Amino acid sequence: MNQLIVSTAPHVKTARTTKTIMLDVLIALAPATIAGCVLFGWQALVLILISLASAFLTEFVWYIIQNKVWQGGKEVVNAFFKQFDFTSLITGLLLALIIPANIDAWYMPLLGSIFAVGVVKMLFGGTGRNIMNPALMGRIFLFISFAAMTAYPDPNFGALFESNGSLMTGATSLTSGLAGEGTLSALDLLLGTGVAGCIGETCKIALLAGGVYLCVRGVIKWYLPLIYIAVTGLFAVALEGFDFTQFLPSILSGGLILGAIFMATDYVTTPKSKLGNIIYFVLLGLLTAGLRKATGIEVVSFCIVLMNLVVFLLDAAIKARPFGFHKEKKVKADTAKEGK
Amino acid sequence: MKAIKGKFFSRGIHLRDMKSLSSAAPVEQLAGVTEAVIPLSQHIGKPAVCIVEPGQQVKRGQLIAKADGYVSANVHASVAGTVKAVEERADGRGGKVRCVVIESDGSDATDFMAPLPENADGAAIAARIAEAGIVGMGGAGFPTHVKVKPAVKVDTLILNGAECEPYLTCDHRIMLERTDEIVRGAQYLAKAVGVDKIVIGIELNKPDAIAAFEKTPLNVVALKKQYPMGSEKHLIYVCTGRKVPLGKLPADAGVIVQNVATALAVCEAVEQGKPLIERVVTVSGKGVETPKNLRAPLGAPLSALAAQCSVKDDAVKFVLGGPMTGSALTGLCGSVTKTTSGLLFMTADETNADEPTPCINCGRCADVCPMKLMPMQTEFYTNAKDYAKADQYGGVLACIECGACSYICPAHRPLAQAIKTAKAELRKKK
Ligand code: SF4
Ligand code: SF4
């Protein structure tokens, strides 16, 4: 007879594992990745590959050093693949999707990924332990390091408003000039045609398709990105003195959709409770619209990372309220009265 | 009255119920029991006190151990024969229990109590329940005679026919085969408690059982197939809309819940004077050739059940009880008790024995917890040995140990186990 397995209940488990969930996220990012390559050409593809490879290698090297590959040898490498859960690939891909397709800056995804995976994720203890979204931190790291040095305007943090105050749809002045269009229609924004921007965030249709996939597969909750996008749009409208023409451009421009579907919903950096999540996404929407108005640049990345830092406050403030909780409170109050 | 969807509560999980393995198999008698190993403690409360001695002849149904105090239960001989020993035996779960070992003489000598007269009153029925050693047969094993005398006034008796654990079909089968006796048992119970209203809750995956009970005077509530529907608190909520206040008993919501198998035992005790000496056990899982529902005398060795269903070689996990809350056996020792609802032989692909990986904070465990707790918080603080915080942020004492959180966790974290640990630690401190 076989060796019996003795473990604690329950003895059946769902087939869903961290790996399959992360694989779903990668699948959901595929349309946006492909759209990015179509819109921006081979340069985009090369940047994506660089980013993926460096993110993967960073985790790999970190893991084998941490686990003393010089002692364990091949076993450590096998153990790495056994525990590998695709999260660093997601980080690498997301990072590539939020940088502009500028091949001259090929070192950007390389350094960004190394920073994102090495410092933001692994240094904090790996999957599940990071406090901030790695890809976004990688992006901010690049912005801080290179914004002053490189001459080209940066879509992700570029000007969002024309000098006359109208929304500029996330396109840089340089590239929208090249496209030969002063303003872009909502349809263009949706398809990403003629819009300058980062590799993955221009084609909203592709992003939405990925988002729908994630919702259907139960990876994210449909109402959370929706809350973020809607609150941002409505608050932007309110800030413009209830000019409802601002609604569509606000939600369709810049990195909002990508951020809302793929970045803000990152499990690790969101609150644990349902209520906490709803508050979190509402605040995120308000912050994004407010900061956009105040600074005139695209701030989705900053806002998400900022909000990542207050997650622990939300978690600390919201306690579990078990089934039957309300009644207990009443009963307690009654007995307290009787006691007096 | 009956929505197609059935009544449901929020949260909980949907399991592959695997009941089709054994749900069509009529109850059959377990054969080849030459020795019954009857534990003195098959219930919650104090173990019964043995009143027989090695060498003594006993008949089937004879009292062999007396309840010790109020919260305890009588134990009777389940086979006729000679008492061989009164000793400690391994229970298969790593522990030892004191048992009366009876060697069967193959005869059918019985020593039942006299049947109660038809017009017996509630007090007589309650006394009979205590004499017959009846306990909750759904799993907890709380002495039924204690339960039928609640401290506060109740108005409803709910029969639990949910059987929400996957694989198990023993309650399903008796609901089909012994419908009338269950109804009469429920009526006796209602009389003992002093209530008029009897409701039976049955999950929609047993449409034949629902149909059978709709022909009886009981009110049938069709329940959505949802785990843990059989939890008392949730069953009460879906059947009556009442919530049991936290930390209170069902009686505080005006309800008494009894399992269908318990009702059957009550009927037999009242009408035939037969004490609780046998029960139906589902033997199932992909690790057996022929899954069956066996009527086994209490104390029947688990190996006899296994033999009658032919265990295959690829069974890697033996589970006593249901797959969600049962315990894994260290070997095929131990015997059938009053609360043994199932014996499962699971193959490697049925059980999932992956190593836990780090929590990714996905929130699924909190999404499914029927008690609306935050298991990931509890586990985190339990691992840090900060039990006060575990309770403050996660909620520990309200946990019903259903295992839904561990089931759903994509990182395979042993959440329910951590919560049990925290619970034990917190209780110790009090
Ligand atoms: S915390 Fe307790 S009640 Fe909630 S799902 Fe886990 S085991 Fe069930
Ligand atoms: S289900 Fe598992 S991984 Fe998800 S939050 Fe709960 S413990 Fe963490």
# chains A, B, ... in the order shown; residues from 1 in each chain; ligands from 1
$ residues_near_ligand --ligand "ligand 2" --cutoff "6 Å" --atoms "only C-alpha atoms and all ligand atoms" --output "list in words"
Cys359, Ile360, Asn361, Cys362, Gly363, Arg364, Cys365, Met376, Cys409, Pro410, Ala411 and Arg413 of chain B
$ write_last_selection --atoms "C-alpha atoms" --output "PDB file, in the first residue's frame"
ATOM      1  CA  CYS B 359      -0.405  34.736   0.513  1.00  0.00           C
ATOM      2  CA  ILE B 360      -1.061  37.044  -2.417  1.00  0.00           C
ATOM      3  CA  ASN B 361      -3.724  38.971  -0.548  1.00  0.00           C
ATOM      4  CA  CYS B 362      -6.318  38.115  -3.153  1.00  0.00           C
ATOM      5  CA  GLY B 363      -9.152  38.268  -0.638  1.00  0.00           C
ATOM      6  CA  ARG B 364     -10.797  35.049  -1.811  1.00  0.00           C
ATOM      7  CA  CYS B 365     -10.767  33.530   1.654  1.00  0.00           C
ATOM      8  CA  MET B 376      -5.803  35.826   5.925  1.00  0.00           C
ATOM      9  CA  CYS B 409      -7.044  29.772  -1.216  1.00  0.00           C
ATOM     10  CA  PRO B 410      -4.979  29.797  -4.429  1.00  0.00           C
ATOM     11  CA  ALA B 411      -1.820  29.829  -2.346  1.00  0.00           C
ATOM     12  CA  ARG B 413      -2.544  28.231   2.843  1.00  0.00           C
TER      13      ARG B 413
END
$ interface_residues --of "chain B" --to "chain A" --cutoff "7 Å" --atoms "only C-alpha atoms" --output "NGL selection string"
:B and (243-246 or 313 or 316-317 or 323-330 or 350-352 or 358-363 or 371-374 or 392-395 or 398 or 403 or 406-408 or 410-411 or 417)
$ residues_near_ligand --ligand "ligand 1" --cutoff "6 Å" --atoms "only C-alpha atoms and all ligand atoms" --output "compact mmCIF listing (two decimals) with all heavy atoms, in the first residue's frame"
# COMPACT_ATOMS: atom_id res chain seq x y z
N CYS B 369 -15.89 33.20 3.18
CA CYS B 369 -16.15 32.82 4.58
C CYS B 369 -17.61 33.07 4.94
O CYS B 369 -18.08 34.19 4.91
CB CYS B 369 -15.25 33.59 5.53
SG CYS B 369 -15.66 33.25 7.24
N PRO B 370 -18.33 32.01 5.27
CA PRO B 370 -19.76 32.17 5.58
C PRO B 370 -19.98 32.98 6.85
O PRO B 370 -21.06 33.50 7.07
CB PRO B 370 -20.25 30.74 5.75
CG PRO B 370 -19.05 29.96 6.11
CD PRO B 370 -17.89 30.61 5.41
N MET B 371 -18.95 33.08 7.70
CA MET B 371 -19.10 33.86 8.91
C MET B 371 -18.56 35.28 8.71
O MET B 371 -18.46 36.05 9.66
CB MET B 371 -18.36 33.19 10.07
CG MET B 371 -18.94 31.86 10.49
SD MET B 371 -20.70 31.94 10.88
CE MET B 371 -20.69 32.95 12.35
N LEU B 373 -15.53 36.38 8.11
CA LEU B 373 -14.30 36.67 8.81
C LEU B 373 -13.22 37.01 7.79
O LEU B 373 -13.45 37.00 6.60
CB LEU B 373 -13.87 35.46 9.65
CG LEU B 373 -14.95 34.91 10.58
CD1 LEU B 373 -14.44 33.69 11.32
CD2 LEU B 373 -15.39 35.97 11.55
N PRO B 375 -9.91 35.43 7.11
CA PRO B 375 -8.96 34.36 7.45
C PRO B 375 -7.50 34.73 7.23
O PRO B 375 -6.63 34.30 7.98
CB PRO B 375 -9.39 33.20 6.56
CG PRO B 375 -10.82 33.48 6.25
CD PRO B 375 -10.94 34.97 6.19
N CYS B 399 -15.59 31.52 14.10
CA CYS B 399 -15.32 30.57 13.01
C CYS B 399 -16.04 29.25 13.27
O CYS B 399 -16.03 28.73 14.38
CB CYS B 399 -13.82 30.32 12.92
SG CYS B 399 -13.36 29.00 11.80
N ILE B 400 -16.69 28.72 12.23
CA ILE B 400 -17.39 27.45 12.38
C ILE B 400 -16.56 26.29 11.86
O ILE B 400 -17.04 25.17 11.71
CB ILE B 400 -18.76 27.47 11.68
CG1 ILE B 400 -18.59 27.87 10.22
CG2 ILE B 400 -19.71 28.42 12.39
CD1 ILE B 400 -19.85 27.68 9.40
N GLU B 401 -15.30 26.58 11.53
CA GLU B 401 -14.35 25.55 11.09
C GLU B 401 -14.86 24.77 9.89
O GLU B 401 -14.73 23.56 9.81
CB GLU B 401 -14.00 24.62 12.26
CG GLU B 401 -13.40 25.40 13.40
CD GLU B 401 -12.98 24.54 14.58
OE1 GLU B 401 -13.01 23.32 14.45
OE2 GLU B 401 -12.62 25.12 15.61
N CYS B 402 -15.45 25.48 8.94
CA CYS B 402 -16.02 24.80 7.78
C CYS B 402 -14.95 24.47 6.75
O CYS B 402 -15.13 23.60 5.92
CB CYS B 402 -17.10 25.66 7.15
SG CYS B 402 -16.45 27.18 6.43
N GLY B 403 -13.84 25.21 6.75
CA GLY B 403 -12.77 24.92 5.81
C GLY B 403 -12.92 25.55 4.45
O GLY B 403 -12.10 25.31 3.56
N ALA B 404 -13.95 26.36 4.25
CA ALA B 404 -14.15 26.99 2.94
C ALA B 404 -12.97 27.86 2.56
O ALA B 404 -12.56 27.90 1.40
CB ALA B 404 -15.44 27.81 2.95
N CYS B 405 -12.39 28.55 3.54
CA CYS B 405 -11.27 29.45 3.25
C CYS B 405 -10.06 28.66 2.74
O CYS B 405 -9.45 29.03 1.75
CB CYS B 405 -10.91 30.28 4.46
SG CYS B 405 -10.76 29.34 5.99
N ALA B 416 -7.83 27.38 7.76
CA ALA B 416 -8.72 26.86 8.78
C ALA B 416 -7.92 26.30 9.94
O ALA B 416 -8.30 26.44 11.11
CB ALA B 416 -9.64 25.80 8.19
$ residues_around --residues "segment 171-174 of chain B" --least-positions-apart "2" --cutoff "10 Å" --atoms "only C-alpha atoms" --output "PyMOL selection string"
chain B and resi 19+22-27+137-138+160-163+168-169+176-179+181-182+202-203+205-206+208-210+259-262+264+280-282+293+341
$ atom_distance --atom1 "atom CA of Ala124 of chain B" --atom2 "atom CA of Arg295 of chain B"
27.9 Å
$ residues_around --residues "segment 96-107 of chain B" --least-positions-apart "6" --cutoff "7 Å" --atoms "only C-alpha atoms" --output "CSV table (one decimal) with N, CA and C atoms, in the first residue's frame"
chain,number,residue,atom,x,y,z
B,34,THR,N,-16.9,-9.4,13.2
B,34,THR,CA,-16.7,-10.4,14.2
B,34,THR,C,-16.4,-9.8,15.6
B,35,GLU,N,-16.0,-8.5,15.5
B,35,GLU,CA,-15.6,-7.9,16.7
B,35,GLU,C,-16.1,-6.4,16.7
B,36,ALA,N,-16.7,-5.9,17.7
B,36,ALA,CA,-17.1,-4.5,17.8
B,36,ALA,C,-16.2,-3.8,18.8
B,37,VAL,N,-15.6,-2.7,18.4
B,37,VAL,CA,-14.8,-1.9,19.3
B,37,VAL,C,-15.5,-0.6,19.6
B,38,ILE,N,-16.2,-0.5,20.7
B,38,ILE,CA,-17.1,0.6,20.9
B,38,ILE,C,-16.5,1.6,21.9
B,39,PRO,N,-16.2,2.8,21.4
B,39,PRO,CA,-15.6,3.8,22.2
B,39,PRO,C,-16.6,4.3,23.3
B,40,LEU,N,-16.1,4.7,24.5
B,40,LEU,CA,-17.0,5.2,25.5
B,40,LEU,C,-17.3,6.6,25.3
B,79,VAL,N,-23.5,-5.5,19.1
B,79,VAL,CA,-23.6,-7.0,18.6
B,79,VAL,C,-23.8,-7.8,19.9
B,80,ALA,N,-24.3,-9.0,19.7
B,80,ALA,CA,-24.4,-9.9,20.8
B,80,ALA,C,-23.1,-10.7,20.9
B,81,GLY,N,-22.7,-11.0,22.1
B,81,GLY,CA,-21.4,-11.8,22.3
B,81,GLY,C,-20.8,-11.6,23.7
B,82,THR,N,-19.5,-11.8,23.7
B,82,THR,CA,-18.8,-11.7,25.0
B,82,THR,C,-17.9,-10.5,25.0
B,83,VAL,N,-17.9,-9.8,26.1
B,83,VAL,CA,-16.9,-8.7,26.3
B,83,VAL,C,-15.5,-9.2,26.4
B,84,LYS,N,-14.7,-8.9,25.5
B,84,LYS,CA,-13.3,-9.4,25.5
B,84,LYS,C,-12.4,-8.5,26.4
B,85,ALA,N,-12.6,-7.2,26.3
B,85,ALA,CA,-11.7,-6.3,27.0
B,85,ALA,C,-12.3,-5.0,27.1
B,86,VAL,N,-11.8,-4.2,28.1
B,86,VAL,CA,-12.2,-2.8,28.1
B,86,VAL,C,-10.8,-2.1,28.2
B,87,GLU,N,-10.4,-1.5,27.0
B,87,GLU,CA,-9.1,-1.0,27.0
B,87,GLU,C,-8.9,0.2,26.0
B,88,GLU,N,-7.7,0.7,26.0
B,88,GLU,CA,-7.4,1.8,25.1
B,88,GLU,C,-7.2,1.3,23.7
B,89,ARG,N,-7.8,1.9,22.7
B,89,ARG,CA,-7.5,1.5,21.3
B,89,ARG,C,-7.2,2.7,20.5
B,90,ALA,N,-6.3,2.5,19.5
B,90,ALA,CA,-6.0,3.7,18.6
B,90,ALA,C,-7.3,4.0,17.8
$ select_by_dssp --residues "segment 141-360 of chain B" --states "helix (DSSP H, G or I)" --output "PyMOL selection string"
chain B and resi 144-147+170-177+179-193+207-214+232-240+250-253+260-271+302-309
$ select_by_dssp --residues "segment 146-272 of chain B" --states "strand (DSSP E)" --output "list in words"
Thr156, Leu157, Ile158, Leu159, Asn160, Gly161, Lys197, Ile198, Val199, Ile200, Gly201, Ile202, Glu203, Asn219, Val220, Val221, Ala222, Leu223, Val255, Ile256, Val257, Gln258 and Asn259 of chain B
$ atom_distance --atom1 "atom CA of Glu425 of chain B" --atom2 "atom CA of Gly136 of chain B"
26.7 Å
$ residues_around --residues "Leu110 of chain A" --least-positions-apart "4" --cutoff "10 Å" --atoms "only C-alpha atoms" --output "PDB file with N, CA, C and O atoms, in the first residue's frame"
ATOM      1  N   LEU A  47      11.407  46.298 -27.000  1.00  0.00           N
ATOM      2  CA  LEU A  47      11.384  46.826 -25.635  1.00  0.00           C
ATOM      3  C   LEU A  47      10.652  45.869 -24.686  1.00  0.00           C
ATOM      4  O   LEU A  47      11.089  45.638 -23.558  1.00  0.00           O
ATOM      5  N   ILE A  48       9.550  45.312 -25.172  1.00  0.00           N
ATOM      6  CA  ILE A  48       8.785  44.382 -24.332  1.00  0.00           C
ATOM      7  C   ILE A  48       9.645  43.167 -23.984  1.00  0.00           C
ATOM      8  O   ILE A  48       9.708  42.731 -22.830  1.00  0.00           O
ATOM      9  N   LEU A  49      10.356  42.650 -25.012  1.00  0.00           N
ATOM     10  CA  LEU A  49      11.173  41.466 -24.760  1.00  0.00           C
ATOM     11  C   LEU A  49      12.300  41.774 -23.780  1.00  0.00           C
ATOM     12  O   LEU A  49      12.591  40.979 -22.882  1.00  0.00           O
ATOM     13  N   ILE A  50      12.912  42.940 -23.949  1.00  0.00           N
ATOM     14  CA  ILE A  50      13.983  43.308 -23.015  1.00  0.00           C
ATOM     15  C   ILE A  50      13.439  43.350 -21.591  1.00  0.00           C
ATOM     16  O   ILE A  50      14.024  42.824 -20.645  1.00  0.00           O
ATOM     17  N   SER A  51      12.289  43.962 -21.465  1.00  0.00           N
ATOM     18  CA  SER A  51      11.705  44.135 -20.138  1.00  0.00           C
ATOM     19  C   SER A  51      11.358  42.790 -19.500  1.00  0.00           C
ATOM     20  O   SER A  51      11.681  42.536 -18.339  1.00  0.00           O
ATOM     21  N   LEU A  52      10.718  41.920 -20.289  1.00  0.00           N
ATOM     22  CA  LEU A  52      10.350  40.597 -19.772  1.00  0.00           C
ATOM     23  C   LEU A  52      11.583  39.833 -19.331  1.00  0.00           C
ATOM     24  O   LEU A  52      11.632  39.275 -18.227  1.00  0.00           O
ATOM     25  N   ALA A  53      12.599  39.826 -20.210  1.00  0.00           N
ATOM     26  CA  ALA A  53      13.795  39.042 -19.925  1.00  0.00           C
ATOM     27  C   ALA A  53      14.492  39.572 -18.682  1.00  0.00           C
ATOM     28  O   ALA A  53      14.893  38.795 -17.803  1.00  0.00           O
ATOM     29  N   SER A  54      14.597  40.881 -18.571  1.00  0.00           N
ATOM     30  CA  SER A  54      15.334  41.386 -17.415  1.00  0.00           C
ATOM     31  C   SER A  54      14.555  41.175 -16.125  1.00  0.00           C
ATOM     32  O   SER A  54      15.144  40.907 -15.083  1.00  0.00           O
ATOM     33  N   ALA A  55      13.230  41.275 -16.201  1.00  0.00           N
ATOM     34  CA  ALA A  55      12.446  41.038 -14.987  1.00  0.00           C
ATOM     35  C   ALA A  55      12.605  39.588 -14.539  1.00  0.00           C
ATOM     36  O   ALA A  55      12.847  39.300 -13.364  1.00  0.00           O
ATOM     37  N   GLY A  92       7.337  42.753 -15.531  1.00  0.00           N
ATOM     38  CA  GLY A  92       8.132  43.157 -16.689  1.00  0.00           C
ATOM     39  C   GLY A  92       7.256  43.627 -17.837  1.00  0.00           C
ATOM     40  O   GLY A  92       7.514  44.667 -18.462  1.00  0.00           O
ATOM     41  N   LEU A  95       5.551  46.955 -17.083  1.00  0.00           N
ATOM     42  CA  LEU A  95       6.495  48.068 -17.145  1.00  0.00           C
ATOM     43  C   LEU A  95       6.723  48.478 -18.598  1.00  0.00           C
ATOM     44  O   LEU A  95       6.717  49.660 -18.942  1.00  0.00           O
ATOM     45  N   ALA A  96       6.897  47.470 -19.469  1.00  0.00           N
ATOM     46  CA  ALA A  96       7.118  47.784 -20.879  1.00  0.00           C
ATOM     47  C   ALA A  96       5.905  48.495 -21.466  1.00  0.00           C
ATOM     48  O   ALA A  96       6.039  49.370 -22.325  1.00  0.00           O
ATOM     49  N   ALA A 105      15.986  54.460 -26.174  1.00  0.00           N
ATOM     50  CA  ALA A 105      16.058  54.337 -24.717  1.00  0.00           C
ATOM     51  C   ALA A 105      15.909  52.885 -24.305  1.00  0.00           C
ATOM     52  O   ALA A 105      15.226  52.556 -23.341  1.00  0.00           O
ATOM     53  N   TRP A 106      16.565  51.968 -25.032  1.00  0.00           N
ATOM     54  CA  TRP A 106      16.396  50.533 -24.763  1.00  0.00           C
ATOM     55  C   TRP A 106      16.817  50.157 -23.346  1.00  0.00           C
ATOM     56  O   TRP A 106      16.383  49.154 -22.800  1.00  0.00           O
ATOM     57  N   ILE A 114      14.800  45.723 -13.580  1.00  0.00           N
ATOM     58  CA  ILE A 114      15.703  45.278 -12.517  1.00  0.00           C
ATOM     59  C   ILE A 114      15.319  45.954 -11.213  1.00  0.00           C
ATOM     60  O   ILE A 114      15.224  45.331 -10.160  1.00  0.00           O
ATOM     61  N   PHE A 115      15.039  47.256 -11.286  1.00  0.00           N
ATOM     62  CA  PHE A 115      14.648  47.980 -10.086  1.00  0.00           C
ATOM     63  C   PHE A 115      13.317  47.448  -9.545  1.00  0.00           C
ATOM     64  O   PHE A 115      13.172  47.177  -8.352  1.00  0.00           O
ATOM     65  N   ALA A 116      12.363  47.283 -10.475  1.00  0.00           N
ATOM     66  CA  ALA A 116      11.016  46.879 -10.050  1.00  0.00           C
ATOM     67  C   ALA A 116      11.043  45.524  -9.350  1.00  0.00           C
ATOM     68  O   ALA A 116      10.513  45.361  -8.255  1.00  0.00           O
TER      69      ALA A 116
END
$ residues_around --residues "Ala28 of chain A" --least-positions-apart "4" --cutoff "7 Å" --atoms "only C-alpha atoms" --output "PDB file with all heavy atoms, in the first residue's frame"
ATOM      1  N   ASP A  24      -3.520  33.914 -16.024  1.00  0.00           N
ATOM      2  CA  ASP A  24      -4.688  34.622 -16.549  1.00  0.00           C
ATOM      3  C   ASP A  24      -4.388  36.098 -16.764  1.00  0.00           C
ATOM      4  O   ASP A  24      -4.832  36.695 -17.736  1.00  0.00           O
ATOM      5  CB  ASP A  24      -5.872  34.476 -15.584  1.00  0.00           C
ATOM      6  CG  ASP A  24      -6.699  33.247 -15.884  1.00  0.00           C
ATOM      7  OD1 ASP A  24      -6.569  32.724 -17.012  1.00  0.00           O
ATOM      8  OD2 ASP A  24      -7.465  32.821 -15.015  1.00  0.00           O
ATOM      9  N   GLY A 210      -9.068  42.661 -22.275  1.00  0.00           N
ATOM     10  CA  GLY A 210      -8.332  41.975 -21.213  1.00  0.00           C
ATOM     11  C   GLY A 210      -9.061  42.077 -19.890  1.00  0.00           C
ATOM     12  O   GLY A 210      -9.147  41.118 -19.129  1.00  0.00           O
ATOM     13  N   GLY A 211      -9.608  43.250 -19.627  1.00  0.00           N
ATOM     14  CA  GLY A 211     -10.334  43.462 -18.374  1.00  0.00           C
ATOM     15  C   GLY A 211     -11.552  42.569 -18.278  1.00  0.00           C
ATOM     16  O   GLY A 211     -11.818  41.972 -17.230  1.00  0.00           O
ATOM     17  N   TYR A 213     -11.942  39.748 -19.734  1.00  0.00           N
ATOM     18  CA  TYR A 213     -11.448  38.394 -19.506  1.00  0.00           C
ATOM     19  C   TYR A 213     -11.153  38.167 -18.023  1.00  0.00           C
ATOM     20  O   TYR A 213     -11.559  37.151 -17.439  1.00  0.00           O
ATOM     21  CB  TYR A 213     -10.184  38.163 -20.342  1.00  0.00           C
ATOM     22  CG  TYR A 213      -9.534  36.821 -20.112  1.00  0.00           C
ATOM     23  CD1 TYR A 213     -10.050  35.670 -20.697  1.00  0.00           C
ATOM     24  CD2 TYR A 213      -8.412  36.696 -19.299  1.00  0.00           C
ATOM     25  CE1 TYR A 213      -9.471  34.440 -20.474  1.00  0.00           C
ATOM     26  CE2 TYR A 213      -7.824  35.466 -19.065  1.00  0.00           C
ATOM     27  CZ  TYR A 213      -8.347  34.339 -19.654  1.00  0.00           C
ATOM     28  OH  TYR A 213      -7.779  33.123 -19.427  1.00  0.00           O
ATOM     29  N   LEU A 214     -10.485  39.129 -17.412  1.00  0.00           N
ATOM     30  CA  LEU A 214     -10.147  38.982 -15.988  1.00  0.00           C
ATOM     31  C   LEU A 214     -11.402  38.884 -15.124  1.00  0.00           C
ATOM     32  O   LEU A 214     -11.448  38.127 -14.157  1.00  0.00           O
ATOM     33  CB  LEU A 214      -9.294  40.158 -15.516  1.00  0.00           C
ATOM     34  CG  LEU A 214      -7.852  40.188 -15.989  1.00  0.00           C
ATOM     35  CD1 LEU A 214      -7.119  41.356 -15.363  1.00  0.00           C
ATOM     36  CD2 LEU A 214      -7.140  38.885 -15.640  1.00  0.00           C
TER      37      LEU A 214
END
$ closest_residue --among "B:Ser41, B:Phe8, B:Ala186, B:Phe112" --to "Lys59 of chain B" --atoms "only C-alpha atoms"
B:Phe112
$ residues_around --residues "Leu397 of chain B" --least-positions-apart "4" --cutoff "9 Å" --atoms "only C-alpha atoms" --output "PyMOL selection string"
chain B and resi 247+391+419+422-423+426-427
$ write_last_selection --atoms "all heavy atoms" --output "PDB file, in the first residue's frame"
ATOM      1  N   GLY B 247     -21.904  33.978  19.200  1.00  0.00           N
ATOM      2  CA  GLY B 247     -21.575  33.405  20.498  1.00  0.00           C
ATOM      3  C   GLY B 247     -22.768  32.806  21.221  1.00  0.00           C
ATOM      4  O   GLY B 247     -22.676  32.478  22.396  1.00  0.00           O
ATOM      5  N   ASP B 391      -7.675  37.685  16.547  1.00  0.00           N
ATOM      6  CA  ASP B 391      -9.117  37.764  16.778  1.00  0.00           C
ATOM      7  C   ASP B 391      -9.643  39.145  16.411  1.00  0.00           C
ATOM      8  O   ASP B 391     -10.686  39.289  15.785  1.00  0.00           O
ATOM      9  CB  ASP B 391      -9.429  37.457  18.244  1.00  0.00           C
ATOM     10  CG  ASP B 391     -10.923  37.280  18.456  1.00  0.00           C
ATOM     11  OD1 ASP B 391     -11.571  36.747  17.536  1.00  0.00           O
ATOM     12  OD2 ASP B 391     -11.428  37.662  19.506  1.00  0.00           O
ATOM     13  N   ILE B 419      -6.718  28.987  12.162  1.00  0.00           N
ATOM     14  CA  ILE B 419      -7.797  29.555  12.968  1.00  0.00           C
ATOM     15  C   ILE B 419      -8.125  28.635  14.141  1.00  0.00           C
ATOM     16  O   ILE B 419      -8.353  29.087  15.250  1.00  0.00           O
ATOM     17  CB  ILE B 419      -9.027  29.813  12.080  1.00  0.00           C
ATOM     18  CG1 ILE B 419      -8.662  30.886  11.066  1.00  0.00           C
ATOM     19  CG2 ILE B 419     -10.217  30.249  12.907  1.00  0.00           C
ATOM     20  CD1 ILE B 419      -9.644  31.046   9.957  1.00  0.00           C
ATOM     21  N   ALA B 422      -5.539  29.278  16.726  1.00  0.00           N
ATOM     22  CA  ALA B 422      -5.775  30.536  17.426  1.00  0.00           C
ATOM     23  C   ALA B 422      -6.935  30.386  18.404  1.00  0.00           C
ATOM     24  O   ALA B 422      -6.889  30.887  19.529  1.00  0.00           O
ATOM     25  CB  ALA B 422      -6.071  31.642  16.421  1.00  0.00           C
ATOM     26  N   LYS B 423      -7.954  29.664  17.989  1.00  0.00           N
ATOM     27  CA  LYS B 423      -9.119  29.458  18.838  1.00  0.00           C
ATOM     28  C   LYS B 423      -8.714  28.738  20.119  1.00  0.00           C
ATOM     29  O   LYS B 423      -9.065  29.145  21.223  1.00  0.00           O
ATOM     30  CB  LYS B 423     -10.112  28.576  18.073  1.00  0.00           C
ATOM     31  CG  LYS B 423     -11.542  28.998  18.199  1.00  0.00           C
ATOM     32  CD  LYS B 423     -12.367  27.971  17.454  1.00  0.00           C
ATOM     33  CE  LYS B 423     -13.718  28.473  17.101  1.00  0.00           C
ATOM     34  NZ  LYS B 423     -14.463  27.487  16.324  1.00  0.00           N
ATOM     35  N   LEU B 426      -6.748  31.048  22.345  1.00  0.00           N
ATOM     36  CA  LEU B 426      -7.576  32.078  22.981  1.00  0.00           C
ATOM     37  C   LEU B 426      -8.422  31.484  24.102  1.00  0.00           C
ATOM     38  O   LEU B 426      -8.606  32.091  25.150  1.00  0.00           O
ATOM     39  CB  LEU B 426      -8.481  32.740  21.946  1.00  0.00           C
ATOM     40  CG  LEU B 426      -7.806  33.763  21.042  1.00  0.00           C
ATOM     41  CD1 LEU B 426      -8.730  34.173  19.915  1.00  0.00           C
ATOM     42  CD2 LEU B 426      -7.373  34.976  21.835  1.00  0.00           C
ATOM     43  N   ARG B 427      -8.923  30.263  23.864  1.00  0.00           N
ATOM     44  CA  ARG B 427      -9.751  29.615  24.890  1.00  0.00           C
ATOM     45  C   ARG B 427      -8.914  29.306  26.126  1.00  0.00           C
ATOM     46  O   ARG B 427      -9.392  29.406  27.247  1.00  0.00           O
ATOM     47  CB  ARG B 427     -10.339  28.310  24.337  1.00  0.00           C
ATOM     48  CG  ARG B 427     -11.371  28.596  23.283  1.00  0.00           C
ATOM     49  CD  ARG B 427     -12.653  27.826  23.550  1.00  0.00           C
ATOM     50  NE  ARG B 427     -13.727  28.376  22.723  1.00  0.00           N
ATOM     51  CZ  ARG B 427     -14.219  27.773  21.661  1.00  0.00           C
ATOM     52  NH1 ARG B 427     -13.765  26.596  21.290  1.00  0.00           N
ATOM     53  NH2 ARG B 427     -15.191  28.341  20.973  1.00  0.00           N
TER      54      ARG B 427
END
